[in-house]
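Everything below belongs to structure.txt, which stores compact mmCIF, C-alpha atoms.
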```txt
# COMPACT_ATOMS: atom_id res chain seq x y z
CA MET A 28 -50.66 -39.07 6.78
CA LYS A 29 -49.64 -36.47 4.31
CA ILE A 30 -50.62 -32.86 4.73
CA GLU A 31 -50.73 -30.88 1.57
CA PHE A 32 -52.28 -27.47 1.07
CA LYS A 33 -53.45 -26.00 -2.17
CA THR A 34 -53.07 -22.28 -2.63
CA LYS A 35 -56.84 -22.01 -2.45
CA ASP A 36 -56.83 -23.50 1.05
CA LEU A 37 -54.06 -21.18 2.15
CA THR A 38 -55.90 -18.08 0.98
CA THR A 39 -59.06 -19.31 2.69
CA ILE A 40 -57.12 -19.75 5.93
CA GLY A 41 -55.71 -16.24 5.58
CA LEU A 42 -59.14 -14.76 4.94
CA PHE A 43 -60.78 -16.40 7.95
CA SER A 44 -57.83 -15.66 10.22
CA ALA A 45 -58.19 -12.02 9.25
CA ILE A 46 -61.89 -12.03 10.18
CA TYR A 47 -61.17 -13.83 13.45
CA ILE A 48 -58.36 -11.54 14.48
CA VAL A 49 -60.17 -8.34 13.55
CA ALA A 50 -63.22 -9.47 15.53
CA TYR A 51 -61.17 -10.21 18.63
CA VAL A 52 -59.09 -7.05 18.40
CA ILE A 53 -62.29 -4.99 18.22
CA LEU A 54 -63.79 -6.98 21.10
CA SER A 55 -60.77 -6.50 23.31
CA ALA A 56 -60.62 -2.80 22.50
CA ILE A 57 -64.27 -2.37 23.48
CA LEU A 58 -64.32 -4.68 26.48
CA PHE A 59 -61.05 -3.91 28.27
CA THR A 60 -62.69 -2.82 31.51
CA PRO A 61 -62.68 -4.76 34.82
CA PHE A 62 -65.99 -6.53 34.50
CA LEU A 63 -66.34 -6.76 30.75
CA PHE A 64 -62.83 -8.16 30.24
CA PHE A 65 -63.98 -11.47 31.65
CA ILE A 66 -67.16 -11.41 29.57
CA MET A 67 -65.08 -11.29 26.40
CA MET A 68 -64.88 -15.08 26.01
CA PRO A 69 -68.66 -15.75 26.10
CA VAL A 70 -69.37 -12.76 23.84
CA GLY A 71 -66.74 -13.91 21.36
CA ALA A 72 -68.09 -17.45 21.51
CA LEU A 73 -71.58 -16.20 20.74
CA LEU A 74 -70.46 -14.13 17.77
CA MET A 75 -67.86 -16.18 15.97
CA GLY A 76 -69.70 -19.47 15.47
CA PRO A 77 -70.80 -18.90 11.86
CA VAL A 78 -67.30 -17.76 10.89
CA TYR A 79 -65.70 -20.83 12.43
CA MET A 80 -68.20 -23.28 10.97
CA LEU A 81 -67.93 -21.74 7.53
CA PHE A 82 -64.16 -21.92 7.87
CA ILE A 83 -64.24 -25.66 8.66
CA ALA A 84 -66.77 -26.28 5.90
CA ARG A 85 -64.61 -24.53 3.35
CA THR A 86 -61.22 -26.00 4.22
CA GLN A 87 -61.86 -29.58 5.46
CA LYS A 88 -58.14 -30.17 5.92
CA LEU A 89 -55.94 -31.27 8.75
CA GLY A 90 -53.82 -28.34 9.82
CA ALA A 91 -56.10 -25.47 8.81
CA ILE A 92 -57.24 -24.71 12.36
CA THR A 93 -53.68 -25.06 13.59
CA ILE A 94 -52.41 -22.46 11.14
CA MET A 95 -55.22 -20.09 12.04
CA GLY A 96 -54.50 -20.66 15.72
CA PHE A 97 -50.82 -20.01 15.16
CA LEU A 98 -51.47 -16.74 13.33
CA ALA A 99 -53.95 -15.60 15.98
CA ALA A 100 -51.56 -16.56 18.77
CA ALA A 101 -48.65 -14.81 17.09
CA LEU A 102 -50.58 -11.62 16.38
CA ILE A 103 -52.78 -11.30 19.45
CA GLY A 104 -51.01 -13.42 22.06
CA PHE A 105 -47.48 -12.44 21.25
CA LEU A 106 -47.56 -9.07 19.51
CA VAL A 107 -50.46 -7.42 21.34
CA TYR A 108 -50.12 -9.00 24.77
CA GLY A 109 -46.38 -9.41 24.35
CA ASN A 110 -46.04 -12.63 26.26
CA ILE A 111 -44.77 -15.98 25.04
CA PHE A 112 -46.69 -17.88 27.73
CA ILE A 113 -49.99 -16.37 26.59
CA ALA A 114 -49.20 -17.18 22.96
CA LEU A 115 -48.34 -20.78 23.82
CA VAL A 116 -51.63 -21.27 25.67
CA ASN A 117 -53.52 -19.81 22.71
CA PHE A 118 -51.72 -22.08 20.30
CA GLY A 119 -52.20 -25.17 22.48
CA ILE A 120 -55.94 -24.56 22.58
CA ALA A 121 -56.01 -24.33 18.79
CA LEU A 122 -54.24 -27.71 18.63
CA VAL A 123 -56.90 -29.33 20.83
CA ALA A 124 -59.63 -27.74 18.69
CA GLU A 125 -57.96 -29.18 15.60
CA LEU A 126 -57.92 -32.63 17.19
CA PHE A 127 -61.65 -32.53 17.95
CA ALA A 128 -62.55 -31.39 14.44
CA TYR A 129 -60.28 -34.07 13.01
CA LEU A 130 -62.03 -36.79 15.03
CA GLY A 131 -65.22 -35.95 13.14
CA GLN A 132 -63.31 -35.69 9.85
CA TYR A 133 -64.39 -32.00 9.71
CA LYS A 134 -67.89 -33.13 8.70
CA SER A 135 -69.60 -34.16 11.89
CA PHE A 136 -71.64 -31.36 13.43
CA LYS A 137 -71.11 -32.81 16.89
CA TRP A 138 -67.32 -32.83 16.72
CA ASN A 139 -67.19 -29.48 14.98
CA THR A 140 -69.26 -28.02 17.81
CA ALA A 141 -66.88 -29.56 20.34
CA SER A 142 -63.97 -28.11 18.40
CA TYR A 143 -65.60 -24.69 18.38
CA SER A 144 -66.31 -24.84 22.12
CA VAL A 145 -62.62 -25.49 22.77
CA MET A 146 -61.52 -22.80 20.33
CA SER A 147 -63.77 -20.24 22.05
CA LEU A 148 -61.72 -20.73 25.19
CA TRP A 149 -58.53 -19.54 23.55
CA LEU A 150 -58.60 -16.19 25.36
CA ILE A 151 -58.01 -18.06 28.60
CA GLY A 152 -54.33 -17.46 27.92
CA GLN A 153 -54.90 -13.70 28.15
CA GLN A 154 -56.84 -14.08 31.38
CA ALA A 155 -54.72 -16.76 33.06
CA PRO A 156 -52.37 -14.27 34.78
CA PHE A 157 -55.35 -12.80 36.61
CA TRP A 158 -56.34 -16.20 37.99
CA LEU A 159 -53.02 -17.88 38.54
CA THR A 160 -50.36 -15.31 39.34
CA LYS A 161 -52.25 -12.47 40.93
CA GLU A 162 -49.24 -10.58 42.27
CA TRP A 163 -47.56 -10.70 38.90
CA ALA A 164 -50.71 -9.55 37.11
CA ARG A 165 -51.10 -6.63 39.52
CA ASP A 166 -47.46 -5.62 39.09
CA LEU A 167 -47.85 -5.83 35.34
CA MET A 168 -50.86 -3.56 35.25
CA VAL A 169 -49.56 -1.02 37.72
CA ASN A 170 -46.20 -1.02 36.02
CA ALA A 171 -47.87 -0.39 32.68
CA GLY A 172 -49.59 2.71 34.04
CA ALA A 173 -52.87 1.51 35.55
CA SER A 174 -53.91 2.65 39.02
CA ILE A 175 -53.72 0.19 41.92
CA GLU A 176 -57.47 0.48 42.50
CA LEU A 177 -58.19 -0.58 38.94
CA ALA A 178 -55.81 -3.54 39.14
CA ASN A 179 -57.45 -4.64 42.37
CA GLU A 180 -60.85 -4.33 40.73
CA PHE A 181 -59.71 -6.69 38.00
CA LEU A 182 -58.36 -9.15 40.53
CA ALA A 183 -61.39 -9.02 42.84
CA ILE A 184 -63.45 -10.56 40.04
CA ALA A 185 -60.90 -13.28 39.39
CA THR A 186 -62.02 -16.01 41.80
CA PRO A 187 -61.98 -19.77 41.00
CA VAL A 188 -65.79 -19.94 41.08
CA ASN A 189 -66.05 -17.10 38.59
CA LEU A 190 -63.52 -18.83 36.36
CA LEU A 191 -65.66 -21.95 36.32
CA ILE A 192 -68.77 -19.88 35.60
CA ILE A 193 -67.06 -18.14 32.72
CA ILE A 194 -65.81 -21.39 31.19
CA VAL A 195 -69.24 -23.03 31.42
CA LEU A 196 -70.89 -19.88 30.08
CA THR A 197 -68.45 -19.78 27.18
CA ILE A 198 -69.15 -23.39 26.25
CA ILE A 199 -72.91 -22.83 26.42
CA CYS A 200 -72.59 -19.73 24.24
CA ALA A 201 -70.38 -21.66 21.81
CA ILE A 202 -72.96 -24.44 21.49
CA ILE A 203 -75.79 -21.96 20.92
CA SER A 204 -73.65 -20.19 18.36
CA ALA A 205 -72.86 -23.49 16.64
CA PHE A 206 -76.57 -24.28 16.27
CA VAL A 207 -77.24 -20.80 14.91
CA ALA A 208 -74.31 -21.24 12.56
CA ASN A 209 -75.62 -24.57 11.37
CA ARG A 210 -78.98 -23.03 10.54
CA MET A 211 -77.38 -20.01 8.94
CA LEU A 212 -75.14 -22.17 6.80
CA LYS A 213 -78.06 -24.26 5.63
CA LYS A 214 -80.32 -21.27 5.06
CA HIS A 215 -77.85 -19.10 3.19
CA PHE A 216 -74.50 -20.58 2.35
CA VAL A 217 -75.21 -24.14 1.24
CA ARG A 218 -77.99 -22.83 -1.00
CA ALA A 219 -75.58 -20.36 -2.58
CA GLY A 220 -73.03 -23.09 -2.98
CA ILE A 221 -70.23 -21.58 -0.93
CA ALA A 222 -70.28 -23.82 2.13
CA MET B 8 -42.84 2.92 -12.20
CA THR B 9 -39.70 4.75 -13.19
CA ASN B 10 -37.76 3.99 -10.07
CA LEU B 11 -38.51 0.32 -9.94
CA VAL B 12 -35.34 -1.16 -8.53
CA ASN B 13 -33.79 1.51 -6.36
CA LYS B 14 -36.73 2.39 -4.20
CA ASN B 15 -34.66 1.87 -1.07
CA GLU B 16 -32.32 4.73 -1.77
CA SER B 17 -33.01 6.68 1.38
CA PRO B 18 -30.57 5.67 4.11
CA PHE B 19 -33.31 6.27 6.68
CA GLU B 20 -35.65 3.62 5.34
CA LEU B 21 -36.03 0.84 7.89
CA ASP B 22 -36.00 -2.83 6.98
CA PRO B 23 -39.36 -4.54 7.67
CA ARG B 24 -37.51 -7.03 9.87
CA THR B 25 -36.22 -4.16 11.97
CA LYS B 26 -39.75 -2.87 12.41
CA LEU B 27 -40.92 -6.30 13.54
CA LEU B 28 -38.03 -6.58 15.96
CA LEU B 29 -38.87 -3.12 17.31
CA LEU B 30 -42.44 -4.32 17.90
CA LEU B 31 -41.14 -7.26 19.91
CA LEU B 32 -38.68 -5.10 21.82
CA VAL B 33 -41.29 -2.52 22.74
CA ASN B 34 -43.31 -5.31 24.31
CA LEU B 35 -40.27 -6.31 26.30
CA LEU B 36 -39.93 -2.68 27.34
CA LEU B 37 -43.57 -2.45 28.43
CA TYR B 38 -43.52 -5.67 30.41
CA SER B 39 -40.26 -5.10 32.22
CA TYR B 40 -40.02 -3.32 35.54
CA GLY B 41 -38.29 -0.06 36.23
CA SER B 42 -38.50 3.63 35.61
CA GLN B 43 -41.36 5.14 33.65
CA TRP B 44 -39.64 7.63 31.35
CA PRO B 45 -38.15 5.16 28.81
CA ILE B 46 -41.73 4.34 27.82
CA TYR B 47 -42.35 7.98 26.90
CA GLY B 48 -38.97 7.97 25.22
CA ALA B 49 -40.03 5.00 23.12
CA VAL B 50 -43.22 6.81 22.08
CA VAL B 51 -41.30 9.88 20.97
CA PHE B 52 -38.75 7.72 19.18
CA ALA B 53 -41.53 5.90 17.30
CA ALA B 54 -43.06 9.24 16.31
CA VAL B 55 -39.70 10.33 14.91
CA LEU B 56 -39.32 7.09 12.95
CA VAL B 57 -42.84 7.34 11.49
CA PHE B 58 -42.15 10.97 10.59
CA ILE B 59 -38.90 10.08 8.83
CA ALA B 60 -40.67 7.28 6.96
CA GLY B 61 -43.10 9.91 5.68
CA ALA B 62 -46.39 8.62 7.07
CA ILE B 63 -47.32 12.07 8.32
CA ARG B 64 -51.09 11.88 8.01
CA PRO B 65 -51.68 8.87 10.28
CA LEU B 66 -49.16 10.31 12.71
CA PHE B 67 -51.10 13.56 12.77
CA ALA B 68 -54.40 11.74 13.31
CA MET B 69 -52.87 9.79 16.18
CA ALA B 70 -51.47 12.97 17.75
CA ILE B 71 -54.86 14.69 17.65
CA MET B 72 -56.59 11.66 19.13
CA TYR B 73 -54.14 11.50 22.00
CA ALA B 74 -54.26 15.25 22.57
CA ILE B 75 -58.02 14.91 23.09
CA LEU B 76 -57.55 11.87 25.34
CA PHE B 77 -55.00 13.64 27.54
CA LEU B 78 -57.21 16.73 27.72
CA LEU B 79 -60.16 14.58 28.83
CA ASP B 80 -57.93 12.79 31.32
CA TYR B 81 -56.89 16.18 32.74
CA LEU B 82 -60.50 17.40 32.92
CA VAL B 83 -61.74 14.21 34.58
CA GLY B 84 -59.16 14.85 37.30
CA PHE B 85 -61.37 17.70 38.56
CA THR B 86 -64.39 15.45 39.05
CA SER B 87 -64.70 12.55 41.44
CA GLY B 88 -66.54 9.31 42.13
CA ALA B 89 -68.15 7.24 39.42
CA ILE B 90 -66.97 9.39 36.51
CA VAL B 91 -63.33 8.89 37.46
CA GLN B 92 -63.77 5.15 37.79
CA VAL B 93 -65.57 4.76 34.50
CA TRP B 94 -63.04 6.94 32.72
CA ASN B 95 -60.08 5.06 34.22
CA GLY B 96 -61.55 1.79 33.01
CA LEU B 97 -62.37 3.11 29.55
CA SER B 98 -59.15 4.95 28.88
CA LEU B 99 -56.80 2.31 30.29
CA GLN B 100 -56.18 0.44 27.08
CA PHE B 101 -55.41 3.65 25.19
CA PHE B 102 -52.71 4.66 27.65
CA ILE B 103 -51.25 1.22 28.33
CA PHE B 104 -50.99 0.32 24.69
CA LEU B 105 -49.87 3.72 23.35
CA PRO B 106 -46.22 2.65 22.77
CA PHE B 107 -47.41 -0.53 21.13
CA PHE B 108 -49.85 1.39 18.91
CA MET B 109 -47.02 3.66 17.80
CA TYR B 110 -44.80 0.80 16.71
CA SER B 111 -47.61 -1.05 14.97
CA LEU B 112 -48.35 2.22 13.17
CA LEU B 113 -44.70 2.25 12.13
CA PHE B 114 -45.01 -1.27 10.76
CA PHE B 115 -48.41 -1.08 9.11
CA ALA B 116 -48.39 2.47 7.75
CA THR B 117 -44.88 2.52 6.33
CA THR B 118 -44.40 -1.00 4.95
CA SER B 119 -45.84 -2.17 1.65
CA ILE B 120 -47.13 -5.72 1.55
CA GLY B 121 -44.50 -6.59 -1.04
CA ASP B 122 -41.64 -5.44 1.17
CA ALA B 123 -43.05 -7.32 4.15
CA ALA B 124 -43.40 -10.46 2.04
CA ALA B 125 -39.83 -10.19 0.80
CA ALA B 126 -38.61 -9.80 4.36
CA PHE B 127 -40.64 -12.77 5.59
CA GLN B 128 -39.32 -14.91 2.76
CA LYS B 129 -35.79 -13.93 3.73
CA MET B 130 -36.62 -15.07 7.24
CA ARG B 131 -37.35 -18.50 5.70
CA MET B 132 -40.97 -18.49 6.73
CA PRO B 133 -42.61 -21.64 5.30
CA HIS B 134 -45.07 -21.33 2.46
CA PHE B 135 -48.07 -22.51 4.42
CA LEU B 136 -47.62 -19.59 6.84
CA LEU B 137 -46.46 -16.92 4.41
CA ILE B 138 -49.46 -17.07 2.08
CA PRO B 139 -52.14 -16.92 4.82
CA LEU B 140 -50.25 -14.07 6.44
CA LEU B 141 -50.10 -12.07 3.20
CA VAL B 142 -53.77 -12.74 2.49
CA MET B 143 -54.55 -11.60 6.02
CA PHE B 144 -52.82 -8.26 5.60
CA ARG B 145 -54.51 -7.88 2.25
CA PHE B 146 -57.91 -8.41 3.89
CA PHE B 147 -57.72 -6.12 6.92
CA PRO B 148 -58.70 -3.01 4.93
CA THR B 149 -61.21 -4.96 2.84
CA ILE B 150 -63.09 -6.12 5.92
CA ARG B 151 -63.48 -2.52 7.04
CA GLN B 152 -64.65 -1.31 3.63
CA GLU B 153 -67.13 -4.13 3.19
CA PHE B 154 -68.47 -3.65 6.68
CA ARG B 155 -69.08 0.03 6.02
CA ALA B 156 -70.66 -0.57 2.64
CA ILE B 157 -73.00 -3.25 3.99
CA THR B 158 -74.00 -1.27 7.07
CA ASN B 159 -74.80 1.72 4.88
CA ALA B 160 -76.82 -0.35 2.45
CA MET B 161 -78.78 -1.98 5.25
CA ARG B 162 -79.38 1.35 6.94
CA LEU B 163 -80.72 2.73 3.69
CA ARG B 164 -83.24 -0.10 3.61
CA GLY B 165 -84.16 0.42 7.24
CA ALA B 166 -82.89 -3.00 8.23
CA VAL B 167 -80.40 -1.78 10.82
CA GLY B 168 -80.91 0.01 14.10
CA GLN B 169 -84.55 -0.80 14.72
CA GLY B 170 -86.43 -3.84 15.88
CA ASN B 171 -84.89 -7.17 16.67
CA PRO B 172 -81.13 -6.89 17.32
CA PHE B 173 -80.58 -10.51 16.24
CA ARG B 174 -82.11 -9.70 12.87
CA THR B 175 -79.80 -6.71 12.63
CA ILE B 176 -76.78 -8.91 13.28
CA GLU B 177 -77.91 -11.44 10.70
CA TYR B 178 -78.53 -8.73 8.11
CA ILE B 179 -74.95 -7.55 8.49
CA TYR B 180 -73.22 -10.84 9.24
CA VAL B 181 -74.47 -12.91 6.31
CA PRO B 182 -73.79 -10.42 3.51
CA LEU B 183 -70.40 -9.60 5.05
CA LEU B 184 -69.32 -13.25 5.08
CA PHE B 185 -70.71 -13.76 1.60
CA SER B 186 -68.87 -10.86 0.07
CA LEU B 187 -65.61 -11.65 1.89
CA VAL B 188 -65.67 -15.27 0.76
CA LYS B 189 -66.40 -14.17 -2.80
CA THR B 190 -63.61 -11.60 -2.71
CA GLY B 191 -61.34 -14.31 -1.37
CA GLU B 192 -62.17 -16.60 -4.27
CA GLU B 193 -61.46 -13.86 -6.78
CA LEU B 194 -58.19 -13.05 -5.05
CA THR B 195 -57.20 -16.72 -5.18
CA LEU B 196 -57.85 -16.87 -8.90
CA ALA B 197 -55.98 -13.63 -9.51
CA SER B 198 -52.96 -14.75 -7.52
CA LEU B 199 -52.94 -18.24 -9.03
CA THR B 200 -52.73 -16.65 -12.47
CA ARG B 201 -49.73 -14.74 -11.24
CA GLY B 202 -48.00 -17.88 -10.10
CA LEU B 203 -48.61 -17.90 -6.36
CA GLY B 204 -49.31 -21.64 -6.46
CA LEU B 205 -45.91 -22.63 -7.80
CA HIS B 206 -44.49 -23.15 -4.32
CA LYS B 207 -41.20 -21.61 -5.20
CA ASP B 208 -39.44 -18.58 -3.85
CA ARG B 209 -40.87 -15.46 -5.38
CA THR B 210 -38.81 -12.60 -6.72
CA TYR B 211 -39.36 -9.16 -5.26
CA VAL B 212 -38.63 -5.71 -6.60
CA ASN B 213 -37.05 -4.60 -3.37
CA ASP B 214 -34.38 -6.60 -1.69
CA PRO B 215 -34.60 -5.71 2.01
CA LYS B 216 -31.22 -5.13 3.61
CA MET B 217 -30.22 -4.03 7.05
CA GLY B 218 -28.40 -0.71 6.91
CA TRP B 219 -26.64 1.38 9.55
CA PHE B 220 -29.87 3.17 10.39
CA ASP B 221 -31.55 -0.14 11.31
CA PHE B 222 -28.82 -0.81 13.83
CA VAL B 223 -29.11 2.72 15.22
CA ALA B 224 -32.88 2.25 15.71
CA LEU B 225 -32.44 -1.13 17.37
CA GLY B 226 -29.61 0.26 19.51
CA VAL B 227 -31.78 3.11 20.78
CA MET B 228 -34.52 0.63 21.69
CA VAL B 229 -32.17 -1.71 23.51
CA ALA B 230 -30.68 1.27 25.37
CA LEU B 231 -34.18 2.30 26.47
CA ILE B 232 -34.90 -1.20 27.77
CA VAL B 233 -31.62 -1.37 29.64
CA MET B 234 -32.23 2.04 31.20
CA ARG B 235 -35.73 1.00 32.26
CA ARG B 236 -34.38 -2.19 33.82
CA LEU B 237 -31.62 -0.39 35.66
CA GLY B 238 -33.92 2.45 36.69
CA VAL B 239 -31.63 5.16 35.35
CA PHE B 240 -32.97 8.68 36.07
CA ALA B 241 -35.95 7.07 37.75
```

Would you mind giving the structure from this file in C-alpha cells?
Amino acid sequence: MKIEFKTKDLTTIGLFSAIYIVAYVILSAILFTPFLFFIMMPVGALLMGPVYMLFIARTQKLGAITIMGFLAAALIGFLVYGNIFIALVNFGIALVAELFAYLGQYKSFKWNTASYSVMSLWLIGQQAPFWLTKEWARDLMVNAGASIELANEFLAIATPVNLLIIIVLTIICAIISAFVANRMLKKHFVRAGIA
Amino acid sequence: MTNLVNKNESPFELDPRTKLLLLLLVNLLLYSYGSQWPIYGAVVFAAVLVFIAGAIRPLFAMAIMYAILFLLDYLVGFTSGAIVQVWNGLSLQFFIFLPFFMYSLLFFATTSIGDAAAAFQKMRMPHFLLIPLLVMFRFFPTIRQEFRAITNAMRLRGAVGQGNPFRTIEYIYVPLLFSLVKTGEELTLASLTRGLGLHKDRTYVNDPKMGWFDFVALGVMVALIVMRRLGVFA
C-alpha cells in the first residue's frame, strides 16, 4: 500500500505534535516529584483524549501517528531524557497505537479508543528504568545531583503491583477521556465542520 | 533586508547542527559517571556561547531565576523535616536539568527557524519529517499566546476559576483547539502559496557551514565528557 502525504496532512501532524509535546513537557515539569511522577501517565491519558481523537479525525492516514510518535520520542525521549532506550520504547508504543487505529481504518471509535489507550502508555519508557533496573536508576539520579533519600523514595514506589495499578489506571483514564472526546467532537467540532 | 546573503559573517556564529550535537553531547555528559565539576563547566560554557550569540535577555532571565532558586535552596538548608523533603522534590528537576536547559536555550533562542530548516535539509531529513518539525517549532509560541488570550477572555467572562473544574477545562480546551486548528489551516494555505507543497529542496538565504569555532565548541564539550569519565580533578 502506498503512503502519500499532502502538505496539509504534514502541517496537521506538526500542529498536533506540538500540542502533544507541550502538554507532556508541562506535565513532566509540574509532576517530577516521587509520587506524582508515576501519576503522570493517568493524568496525561485523562487530558489528551480530545487532542488525539481530533488528530485522528483530521488526518485519517496511515503513518500520521507514527510520525507524531517519532517526533515526540525524538524530542522528549531522546533530547530531554537523553536515552536511546527510552526513545525506542516511546516510538515502539506509537507503532502499536498506529496499528490499532489502522485496524479500524481510523474511523471506528472502538479501535481509535484502543489506539489511544496504547498511546497513553508511551511514558512507560521514561519510567521503565525505575521498575526494571533499579540500581542503574538510582545511580543515574544520584549522579545527576539528587540526594540518595530522594532516589530511594522514587524506587520505593516502583513495585510490580504498583506498575500494574498504574497501567490499568491509565487505560481506564484513556477510555474515559476517549468517551469525553467523542462527545466533545460531536458537540463542538463536527458541528463547526473541522473534525 | 540589506544584509541578506552574508548574515553569517561573524566567525563566532555556531552552525545549527553544532547546537544540536551539543544538545546530544550534554545529555551524554549528564548521564555518564564521574566527577561533578564538568557539569558546572558545561553550564558556564553554554552561558558563554549564548552570550556570544547575543541572546542576552533570556540569559539574564535564566540567571535571575537560578539565583533565586539557589538562594531558596540555601535558606531551606536551615530548616528541617517536611519542608526540606518537599523542596528537594520540587527543585530536583530544575537542578538536574540545568545544563540541558542551557543548551536548549542556546538552540531555541539563537537559531532562526529558517537556519534550522536549512541545516535539517542539509542533514537529508526526509520531507515527511521536516515539514511537521518546522510547523511544530512555528507553533510552540502560538500555543502559549493563544492559551493566554483564551484564559484571559474566559476570566473576563467569569468562566474560569469558579465552580465546576471540568467546565473550566472545557471552556479553555475547546476554544484553544479550535483556534489552533484554524491557525494551522491558515498556515497551510499560506505556505502552500509559497511553494511548500512542491516536494523539492528549498533554497535558503543562509547556507549553514561548519567553521573553526564550531569545532572549538564541540572540542570543549568532548573534553568535558572525557574529563568527567576519567574523573580528572574529582

Hey, which of B:Thr158, B:Ser42, B:Gln152, B:Ser87 ends up closest to B:Val181? Count only C-alpha atoms.
->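 Among the listed residues, the smallest separation from B:Val181 belongs to B:Thr158.
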
Within 12 Å of (-63.5, -7.1, 20.7), all atoms listed in the file: residues as a count of residues only?
-> 29

If you measure from atom CA of A:Gly41 to atom CA of B:Glu192, what distance in Å do you get, rounded to one decimal?
->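 Here the two named atoms are 11.8 Å from each other.
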
Using all atoms listed in the file, determine which residues lie at most 12 Å from B:Tyr73, disregarding the query and same-chain residues fewer than 2 positions distant; provide the list as number ranges by chain.
-> B: 50, 66-71, 75-80, 98, 101-102, 104-106, 108-109

Kindly provide, as a PyMOL selection string, the residues of chain B having any atom no farther than 8 Å from an atom of chain A, counting all atoms listed in the file.
-> chain B and resi 30-31+34-35+37-38+40-41+95-97+99-100+102-103+107+135-136+138-144+146-147+150+181+184-185+187-188+191-192+195+199+203-204

Could you state the separation of atom CA of B:Met217 and atom CA of B:Ser198 in Å, given to one decimal place?
-> 29.1 Å

What is the atom CA of B:Pro18-atom CA of B:Met132 distance in Å, reported with one decimal?
->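 About the pair atom CA of B:Pro18 and atom CA of B:Met132: they are 26.4 Å apart.
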
Nearby residues (all atoms listed in the file) at most 6 Å from A:Ala124, same-chain spacing under 5 positions excluded, as an MDAnalysis selection string | chainID A and resid 142 145:146

Residues near A:Gln87, cut-off 10 Å, all atoms listed in the file, skip fewer than 6 positions along chain, as a list in words |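 Here the qualifying residues turn out to be Asp36, Ala128, Tyr129, Gln132, Tyr133 and Lys134 of chain A.
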
Of the residues B:Asp214, B:Tyr180, B:Met234, B:Arg151, which is the one nearest to A:Gly76, using all atoms listed in the file?
->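 Ranking B:Asp214, B:Tyr180, B:Met234, B:Arg151 by distance to A:Gly76, first place goes to B:Tyr180.
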
Would you mind telling me which residue in B:Ala125, B:Leu112, B:Ala230, B:Ala224 lies nearest to B:Glu20 when using only C-alpha atoms?
-> B:Ala224

Skip B:Ala116 itself and residues of its chain fewer than 2 positions away, then list as a VMD selection string all residues within 8 Å of it, counting only C-alpha atoms.
-> chain B and resid 62 65 112 to 114 118
